[in-house]
Amino acid sequence: MSSELSRRDFLRYSGAAAFITATLSACSGGPASTGSVGAGSNRDLITAVIGYGNDQSWDPTQTASAFAMAGISHVYEGLLDTDPITREPYPALATALPADLNATSWKFTLRDGAKWHDGQPVTADDVVFTFQRILDPQANVLTGNFFKAWLQEVKKVDDKTVELVFKFPFPDAAPRLTIAKIMPKHVFSQPGAWDQAKTGKAVGSGPYKQVQHNPKSNTAFEAFDGYNGPRPATVKKMNWLTIVDASARVAKISGSSAEAQIADNIPYANVDQLKQQGLTVEGGKGMNHMFLMFNTGAKPFDDVRVRQALHHAIDKQKMIDVALKGHGTAASSFLNEGHPDYKRASVVYDYDPDKAKALLKEAGVSNLTINLMAVNVSWIADCLPTIAASWEAIGIKTTLEPQDTAALFAKMDQGQDYQVVAAASNPNQFGMDADLILHYNYVPGGVWMKYTHWADSKDAKALFAMMDEATQEPDKAAKAEKIRKYIDVIAENAVLYPVVHNELMTAWDPKKLSGIRAQPYPGINLLQAKRT
């Protein structure tokens, strides 16, 4: 089949694009009564626009939601936290960094006077309670994947002191501790409390307390007067609006009467426009990517040749030029090219439609029809027509099905059948080290492996063994080499694998806001921001 689109194809893709636009428009900022809290001239208030849905879990042990994770970083603290840009750890609830990174146990003393937002004191019991949930195999929470391999237990020494006992020396533990946001035992040990956390209840010890949560429209915060930690609140109030629709998001920050002072996930097509209005628009390059995830429990996606063919078929440069306006790079490894542990993978899915056809023929696959489910994140929606056109060009009939992110993954959680999913991801939300990044997606018993139905395969078990060996390797250089070897295995199998890495754009009004740094993962951090 010619790569040129026929008129019928063009109309079909135009219809798909219209459907995407309609779907996104349905998810714009919510009712005006909650979407317009406070005026843009109020110096006690920062109004922010987040380009991701706010209807996913707010449980810090479970969530990967861009909106929720950004909010959680203002509400909760870890023993240690990390700077959102440098990712260097600093003491948060703990009073000091560990003295010996190679020790097999670390003791932490809690900050004097630390309080929960309900006024109760933070104690060692809260720390133990939090880590018990993280390590509990029955709870099997998402953050457990970042700790179970190396953390044996967390013990109370006294009311203000805890000890972390390791299975082996693990120097990378310090930045990882920011993932474990400490939660109040007296609140979340109550019956039904974890379900309440999932739906938005948040009680932390951080500089801001959550005072309003409307999942389809906004979450509001106020400075916590009882906070005595290292990064206090810089404004009295924040109102974060969730606006998935790109045009509505840009409108909220545009013009002299703009309601918001900052917005993330800025569409590439609007960058110049916003700069001309006097806004600062900066990008952050990192791990952010669009990935394809295959249901290997459904034929023909159990055949690695089919998965490889579908990756080779995608015209990634066209996607970068048209959808991403040049703000992207074709994936040549699971890691982005700027990552310290990056190395070009042994298998790279360069655009090669002839190779894609040959792989499908070798696999005995013809007349393939694919329903591509996708999240309705605006830049992902922009990329979908290129995927459809590329697959159609090698004879694969393709239907696009973009939808609300929470709705899509609810279907995954319910075990509903699917073929292929396209979604956005950035494990850098959790941290930077390669071991963490790969354990976010590839771990036995993890949610992503459950979605792919791949974990019980011979190839998966061999991969998990390689990953465990790398985690336990004490030598930094040897560990990096072992990680690169198993990244090659992940590339070859292409079960859940990036198509492109892209740059995330943040815009803000420098006349109204200072102290902003654009971050290379979704969301914003306003712990050092000030109204001017």
# chains A, B, ... in the order shown; residues from 1 in each chain; ligands from 1
call {"tool": "select_by_dssp", "arguments": {"residues": "segment 257-427 of chain A", "states": "alpha helix (DSSP H)", "output": "JSON, numbers by chain"}}
result
{"A": [271, 272, 273, 274, 275, 276, 304, 305, 306, 307, 308, 309, 310, 311, 312, 316, 317, 318, 353, 354, 355, 356, 357, 358, 359, 360, 361, 362, 378, 379, 380, 381, 382, 383, 384, 385, 386, 387, 388, 389, 390, 391, 392, 393, 405, 406, 407, 408, 409, 410, 411, 412, 413]}
call {"tool": "residues_around", "arguments": {"residues": "Phe291 of chain A", "least_positions_apart": "4", "cutoff": "6 Å", "atoms": "only C-alpha atoms", "output": "PDB file with all heavy atoms, in the first residue's frame"}}
result
ATOM      1  N   ALA A 422      -1.456   3.322  23.750  1.00  0.00           N
ATOM      2  CA  ALA A 422      -0.465   4.394  23.681  1.00  0.00           C
ATOM      3  C   ALA A 422      -0.723   5.347  24.835  1.00  0.00           C
ATOM      4  O   ALA A 422      -1.855   5.804  25.025  1.00  0.00           O
ATOM      5  CB  ALA A 422      -0.564   5.138  22.352  1.00  0.00           C
ATOM      6  N   ALA A 423       0.311   5.620  25.602  1.00  0.00           N
ATOM      7  CA  ALA A 423       0.137   6.492  26.763  1.00  0.00           C
ATOM      8  C   ALA A 423       1.427   7.245  27.041  1.00  0.00           C
ATOM      9  O   ALA A 423       2.487   6.935  26.494  1.00  0.00           O
ATOM     10  CB  ALA A 423      -0.278   5.680  27.990  1.00  0.00           C
ATOM     11  N   TYR A 497       7.326  -0.087  25.550  1.00  0.00           N
ATOM     12  CA  TYR A 497       8.559   0.530  25.067  1.00  0.00           C
ATOM     13  C   TYR A 497       8.280   1.904  24.469  1.00  0.00           C
ATOM     14  O   TYR A 497       7.261   2.107  23.810  1.00  0.00           O
ATOM     15  CB  TYR A 497       9.211  -0.377  24.017  1.00  0.00           C
ATOM     16  CG  TYR A 497      10.693  -0.102  23.859  1.00  0.00           C
ATOM     17  CD1 TYR A 497      11.588  -0.449  24.867  1.00  0.00           C
ATOM     18  CD2 TYR A 497      11.185   0.517  22.720  1.00  0.00           C
ATOM     19  CE1 TYR A 497      12.940  -0.187  24.736  1.00  0.00           C
ATOM     20  CE2 TYR A 497      12.546   0.781  22.577  1.00  0.00           C
ATOM     21  CZ  TYR A 497      13.411   0.425  23.597  1.00  0.00           C
ATOM     22  OH  TYR A 497      14.752   0.689  23.470  1.00  0.00           O
ATOM     23  N   PRO A 498       9.193   2.869  24.696  1.00  0.00           N
ATOM     24  CA  PRO A 498       8.981   4.231  24.187  1.00  0.00           C
ATOM     25  C   PRO A 498       9.021   4.304  22.660  1.00  0.00           C
ATOM     26  O   PRO A 498       9.775   3.577  22.011  1.00  0.00           O
ATOM     27  CB  PRO A 498      10.150   5.027  24.783  1.00  0.00           C
ATOM     28  CG  PRO A 498      10.705   4.180  25.876  1.00  0.00           C
ATOM     29  CD  PRO A 498      10.419   2.763  25.505  1.00  0.00           C
ATOM     30  N   VAL A 499       8.230   5.216  22.132  1.00  0.00           N
ATOM     31  CA  VAL A 499       8.293   5.563  20.705  1.00  0.00           C
ATOM     32  C   VAL A 499       9.114   6.831  20.535  1.00  0.00           C
ATOM     33  O   VAL A 499      10.035   6.884  19.713  1.00  0.00           O
ATOM     34  CB  VAL A 499       6.878   5.765  20.128  1.00  0.00           C
ATOM     35  CG1 VAL A 499       6.944   6.220  18.669  1.00  0.00           C
ATOM     36  CG2 VAL A 499       6.062   4.488  20.254  1.00  0.00           C
TER      37      VAL A 499
END
call {"tool": "residues_around", "arguments": {"residues": "Gly515 of chain A", "least_positions_apart": "6", "cutoff": "12 Å", "atoms": "only C-alpha atoms", "output": "ChimeraX atom specification"}}
result
/A:234,262,508-509,524-532
call {"tool": "closest_residue", "arguments": {"among": "A:Thr143, A:Thr178, A:Thr405, A:Thr109", "to": "Glu88 of chain A", "atoms": "only C-alpha atoms"}}
result
A:Thr178
call {"tool": "closest_residue", "arguments": {"among": "A:Asp404, A:Glu153, A:Asp159, A:Glu337", "to": "Ala124 of chain A", "atoms": "only C-alpha atoms"}}
result
A:Asp159
call {"tool": "closest_residue", "arguments": {"among": "A:Ala202, A:Pro84, A:Arg305, A:Gly53", "to": "Asp245 of chain A", "atoms": "only C-alpha atoms"}}
result
A:Gly53
call {"tool": "residues_around", "arguments": {"residues": "Ile134 of chain A", "least_positions_apart": "4", "cutoff": "9 Å", "atoms": "only C-alpha atoms", "output": "PDB file with all heavy atoms, in the first residue's frame"}}
result
ATOM      1  N   THR A  61       1.288   6.222  48.227  1.00  0.00           N
ATOM      2  CA  THR A  61       1.912   4.909  48.036  1.00  0.00           C
ATOM      3  C   THR A  61       1.481   4.239  46.743  1.00  0.00           C
ATOM      4  O   THR A  61       2.058   3.228  46.345  1.00  0.00           O
ATOM      5  CB  THR A  61       1.580   3.960  49.206  1.00  0.00           C
ATOM      6  OG1 THR A  61       0.197   3.581  49.141  1.00  0.00           O
ATOM      7  CG2 THR A  61       1.885   4.593  50.545  1.00  0.00           C
ATOM      8  N   PHE A 129       4.614   2.900  60.205  1.00  0.00           N
ATOM      9  CA  PHE A 129       3.320   2.617  59.581  1.00  0.00           C
ATOM     10  C   PHE A 129       3.393   2.779  58.061  1.00  0.00           C
ATOM     11  O   PHE A 129       2.915   1.922  57.303  1.00  0.00           O
ATOM     12  CB  PHE A 129       2.264   3.554  60.175  1.00  0.00           C
ATOM     13  CG  PHE A 129       0.964   3.596  59.420  1.00  0.00           C
ATOM     14  CD1 PHE A 129       0.051   2.555  59.519  1.00  0.00           C
ATOM     15  CD2 PHE A 129       0.645   4.692  58.618  1.00  0.00           C
ATOM     16  CE1 PHE A 129      -1.162   2.604  58.828  1.00  0.00           C
ATOM     17  CE2 PHE A 129      -0.552   4.741  57.922  1.00  0.00           C
ATOM     18  CZ  PHE A 129      -1.454   3.696  58.032  1.00  0.00           C
ATOM     19  N   THR A 130       4.001   3.854  57.609  1.00  0.00           N
ATOM     20  CA  THR A 130       4.107   4.120  56.167  1.00  0.00           C
ATOM     21  C   THR A 130       4.922   3.047  55.470  1.00  0.00           C
ATOM     22  O   THR A 130       4.511   2.511  54.427  1.00  0.00           O
ATOM     23  CB  THR A 130       4.736   5.506  55.928  1.00  0.00           C
ATOM     24  OG1 THR A 130       3.917   6.508  56.530  1.00  0.00           O
ATOM     25  CG2 THR A 130       4.880   5.783  54.443  1.00  0.00           C
ATOM     26  N   ALA A 139      -0.625  -5.685  50.367  1.00  0.00           N
ATOM     27  CA  ALA A 139      -1.040  -4.388  49.831  1.00  0.00           C
ATOM     28  C   ALA A 139      -0.503  -4.205  48.409  1.00  0.00           C
ATOM     29  O   ALA A 139      -1.189  -3.660  47.547  1.00  0.00           O
ATOM     30  CB  ALA A 139      -0.550  -3.256  50.726  1.00  0.00           C
ATOM     31  N   ASN A 140       0.723  -4.668  48.165  1.00  0.00           N
ATOM     32  CA  ASN A 140       1.348  -4.638  46.838  1.00  0.00           C
ATOM     33  C   ASN A 140       1.195  -3.264  46.178  1.00  0.00           C
ATOM     34  O   ASN A 140       0.765  -3.141  45.028  1.00  0.00           O
ATOM     35  CB  ASN A 140       0.732  -5.722  45.935  1.00  0.00           C
ATOM     36  CG  ASN A 140       1.555  -5.950  44.667  1.00  0.00           C
ATOM     37  OD1 ASN A 140       2.772  -5.799  44.665  1.00  0.00           O
ATOM     38  ND2 ASN A 140       0.886  -6.314  43.582  1.00  0.00           N
ATOM     39  N   VAL A 141       1.574  -2.219  46.909  1.00  0.00           N
ATOM     40  CA  VAL A 141       1.409  -0.860  46.392  1.00  0.00           C
ATOM     41  C   VAL A 141       2.488  -0.548  45.357  1.00  0.00           C
ATOM     42  O   VAL A 141       3.549  -1.172  45.318  1.00  0.00           O
ATOM     43  CB  VAL A 141       1.443   0.174  47.536  1.00  0.00           C
ATOM     44  CG1 VAL A 141       0.291  -0.049  48.497  1.00  0.00           C
ATOM     45  CG2 VAL A 141       2.778   0.154  48.269  1.00  0.00           C
ATOM     46  N   LEU A 142       2.215   0.446  44.541  1.00  0.00           N
ATOM     47  CA  LEU A 142       3.120   0.815  43.460  1.00  0.00           C
ATOM     48  C   LEU A 142       4.514   1.161  43.961  1.00  0.00           C
ATOM     49  O   LEU A 142       5.523   0.707  43.399  1.00  0.00           O
ATOM     50  CB  LEU A 142       2.534   2.013  42.694  1.00  0.00           C
ATOM     51  CG  LEU A 142       3.417   2.649  41.619  1.00  0.00           C
ATOM     52  CD1 LEU A 142       3.674   1.654  40.497  1.00  0.00           C
ATOM     53  CD2 LEU A 142       2.772   3.915  41.076  1.00  0.00           C
ATOM     54  N   THR A 143       4.611   1.959  45.021  1.00  0.00           N
ATOM     55  CA  THR A 143       5.922   2.385  45.505  1.00  0.00           C
ATOM     56  C   THR A 143       6.734   1.241  46.102  1.00  0.00           C
ATOM     57  O   THR A 143       7.951   1.356  46.233  1.00  0.00           O
ATOM     58  CB  THR A 143       5.785   3.506  46.550  1.00  0.00           C
ATOM     59  OG1 THR A 143       4.915   3.067  47.602  1.00  0.00           O
ATOM     60  CG2 THR A 143       5.226   4.771  45.921  1.00  0.00           C
ATOM     61  N   GLY A 144       6.072   0.139  46.427  1.00  0.00           N
ATOM     62  CA  GLY A 144       6.805  -1.011  46.940  1.00  0.00           C
ATOM     63  C   GLY A 144       7.859  -1.512  45.976  1.00  0.00           C
ATOM     64  O   GLY A 144       8.907  -2.045  46.391  1.00  0.00           O
ATOM     65  N   ASN A 145       7.624  -1.341  44.667  1.00  0.00           N
ATOM     66  CA  ASN A 145       8.579  -1.804  43.668  1.00  0.00           C
ATOM     67  C   ASN A 145       9.921  -1.093  43.766  1.00  0.00           C
ATOM     68  O   ASN A 145      10.921  -1.585  43.242  1.00  0.00           O
ATOM     69  CB  ASN A 145       8.004  -1.586  42.263  1.00  0.00           C
ATOM     70  CG  ASN A 145       6.745  -2.392  42.027  1.00  0.00           C
ATOM     71  OD1 ASN A 145       6.564  -3.454  42.612  1.00  0.00           O
ATOM     72  ND2 ASN A 145       5.860  -1.885  41.179  1.00  0.00           N
ATOM     73  N   PHE A 147      11.358  -0.305  46.690  1.00  0.00           N
ATOM     74  CA  PHE A 147      11.962  -0.543  48.000  1.00  0.00           C
ATOM     75  C   PHE A 147      12.165  -2.022  48.341  1.00  0.00           C
ATOM     76  O   PHE A 147      13.114  -2.369  49.043  1.00  0.00           O
ATOM     77  CB  PHE A 147      11.101   0.098  49.096  1.00  0.00           C
ATOM     78  CG  PHE A 147      11.077   1.595  49.064  1.00  0.00           C
ATOM     79  CD1 PHE A 147      10.105   2.277  48.345  1.00  0.00           C
ATOM     80  CD2 PHE A 147      12.025   2.336  49.740  1.00  0.00           C
ATOM     81  CE1 PHE A 147      10.080   3.656  48.303  1.00  0.00           C
ATOM     82  CE2 PHE A 147      12.017   3.723  49.706  1.00  0.00           C
ATOM     83  CZ  PHE A 147      11.039   4.388  48.984  1.00  0.00           C
ATOM     84  N   LYS A 148      11.271  -2.880  47.888  1.00  0.00           N
ATOM     85  CA  LYS A 148      11.264  -4.266  48.373  1.00  0.00           C
ATOM     86  C   LYS A 148      12.553  -5.018  48.098  1.00  0.00           C
ATOM     87  O   LYS A 148      12.950  -5.890  48.880  1.00  0.00           O
ATOM     88  CB  LYS A 148      10.085  -5.019  47.754  1.00  0.00           C
ATOM     89  CG  LYS A 148       8.722  -4.561  48.252  1.00  0.00           C
ATOM     90  CD  LYS A 148       7.601  -5.277  47.520  1.00  0.00           C
ATOM     91  CE  LYS A 148       6.239  -4.773  47.942  1.00  0.00           C
ATOM     92  NZ  LYS A 148       5.144  -5.412  47.165  1.00  0.00           N
ATOM     93  N   ALA A 180       8.834   7.774  49.418  1.00  0.00           N
ATOM     94  CA  ALA A 180       8.064   7.303  50.575  1.00  0.00           C
ATOM     95  C   ALA A 180       7.582   8.506  51.381  1.00  0.00           C
ATOM     96  O   ALA A 180       8.216   8.935  52.345  1.00  0.00           O
ATOM     97  CB  ALA A 180       8.929   6.380  51.434  1.00  0.00           C
TER      98      ALA A 180
END
call {"tool": "residues_around", "arguments": {"residues": "segment 433-447 of chain A", "least_positions_apart": "6", "cutoff": "9 Å", "atoms": "only C-alpha atoms", "output": "ChimeraX atom specification"}}
result
/A:140-143,145-146,172,175-176,334-335,339-342,413,426-427,455-456,460-461,463-464,467,470-471,480,483,487,490,496
call {"tool": "residues_around", "arguments": {"residues": "Ser205 of chain A", "least_positions_apart": "5", "cutoff": "7 Å", "atoms": "only C-alpha atoms", "output": "list in words"}}
result
Val75, Tyr76, Glu77, Ala114, Lys115, Trp116, His117 and Tyr227 of chain A
call {"tool": "decode", "arguments": {"residues": "segment 333-352 of chain A", "atoms": "N, CA and C atoms", "output": "CSV table (one decimal), in the first residue's frame"}}
result
chain,number,residue,atom,x,y,z
A,333,SER,N,16.6,4.0,23.1
A,333,SER,CA,16.8,3.2,24.3
A,333,SER,C,15.6,3.4,25.1
A,334,PHE,N,15.4,2.6,26.2
A,334,PHE,CA,14.3,3.0,27.1
A,334,PHE,C,14.6,4.3,27.8
A,335,LEU,N,15.9,4.5,28.1
A,335,LEU,CA,16.4,5.8,28.7
A,335,LEU,C,16.5,6.9,27.6
A,336,ASN,N,16.2,8.1,28.0
A,336,ASN,CA,16.4,9.2,27.1
A,336,ASN,C,17.9,9.5,26.9
A,337,GLU,N,18.2,10.1,25.8
A,337,GLU,CA,19.7,10.3,25.4
A,337,GLU,C,20.4,11.2,26.4
A,338,GLY,N,19.8,12.0,27.2
A,338,GLY,CA,20.5,12.8,28.1
A,338,GLY,C,20.7,12.2,29.5
A,339,HIS,N,20.2,11.0,29.7
A,339,HIS,CA,20.4,10.3,30.9
A,339,HIS,C,21.8,9.8,31.1
A,340,PRO,N,22.3,9.9,32.4
A,340,PRO,CA,23.7,9.5,32.6
A,340,PRO,C,24.1,8.1,32.2
A,341,ASP,N,23.1,7.2,32.3
A,341,ASP,CA,23.3,5.8,32.0
A,341,ASP,C,22.9,5.4,30.6
A,342,TYR,N,22.6,6.4,29.7
A,342,TYR,CA,22.1,6.1,28.4
A,342,TYR,C,23.2,5.4,27.5
A,343,LYS,N,22.8,4.4,26.8
A,343,LYS,CA,23.6,3.8,25.7
A,343,LYS,C,22.6,3.4,24.7
A,344,ARG,N,22.9,3.6,23.4
A,344,ARG,CA,22.1,3.2,22.3
A,344,ARG,C,21.8,1.7,22.5
A,345,ALA,N,20.5,1.3,22.4
A,345,ALA,CA,20.2,-0.1,22.6
A,345,ALA,C,20.7,-1.0,21.5
A,346,SER,N,20.8,-2.3,21.7
A,346,SER,CA,21.2,-3.2,20.7
A,346,SER,C,20.2,-3.3,19.6
A,347,VAL,N,18.9,-3.1,19.9
A,347,VAL,CA,17.8,-3.1,18.9
A,347,VAL,C,17.2,-1.7,19.0
A,348,VAL,N,17.2,-1.0,17.8
A,348,VAL,CA,16.7,0.4,17.7
A,348,VAL,C,15.6,0.3,16.6
A,349,TYR,N,14.4,0.9,16.9
A,349,TYR,CA,13.3,0.8,16.0
A,349,TYR,C,13.3,2.0,15.1
A,350,ASP,N,14.3,2.1,14.2
A,350,ASP,CA,14.3,3.1,13.2
A,350,ASP,C,13.1,2.9,12.3
A,351,TYR,N,12.7,4.0,11.6
A,351,TYR,CA,11.6,3.9,10.7
A,351,TYR,C,12.0,3.1,9.5
A,352,ASP,N,11.4,1.9,9.3
A,352,ASP,CA,11.7,1.0,8.3
A,352,ASP,C,10.5,0.1,7.9
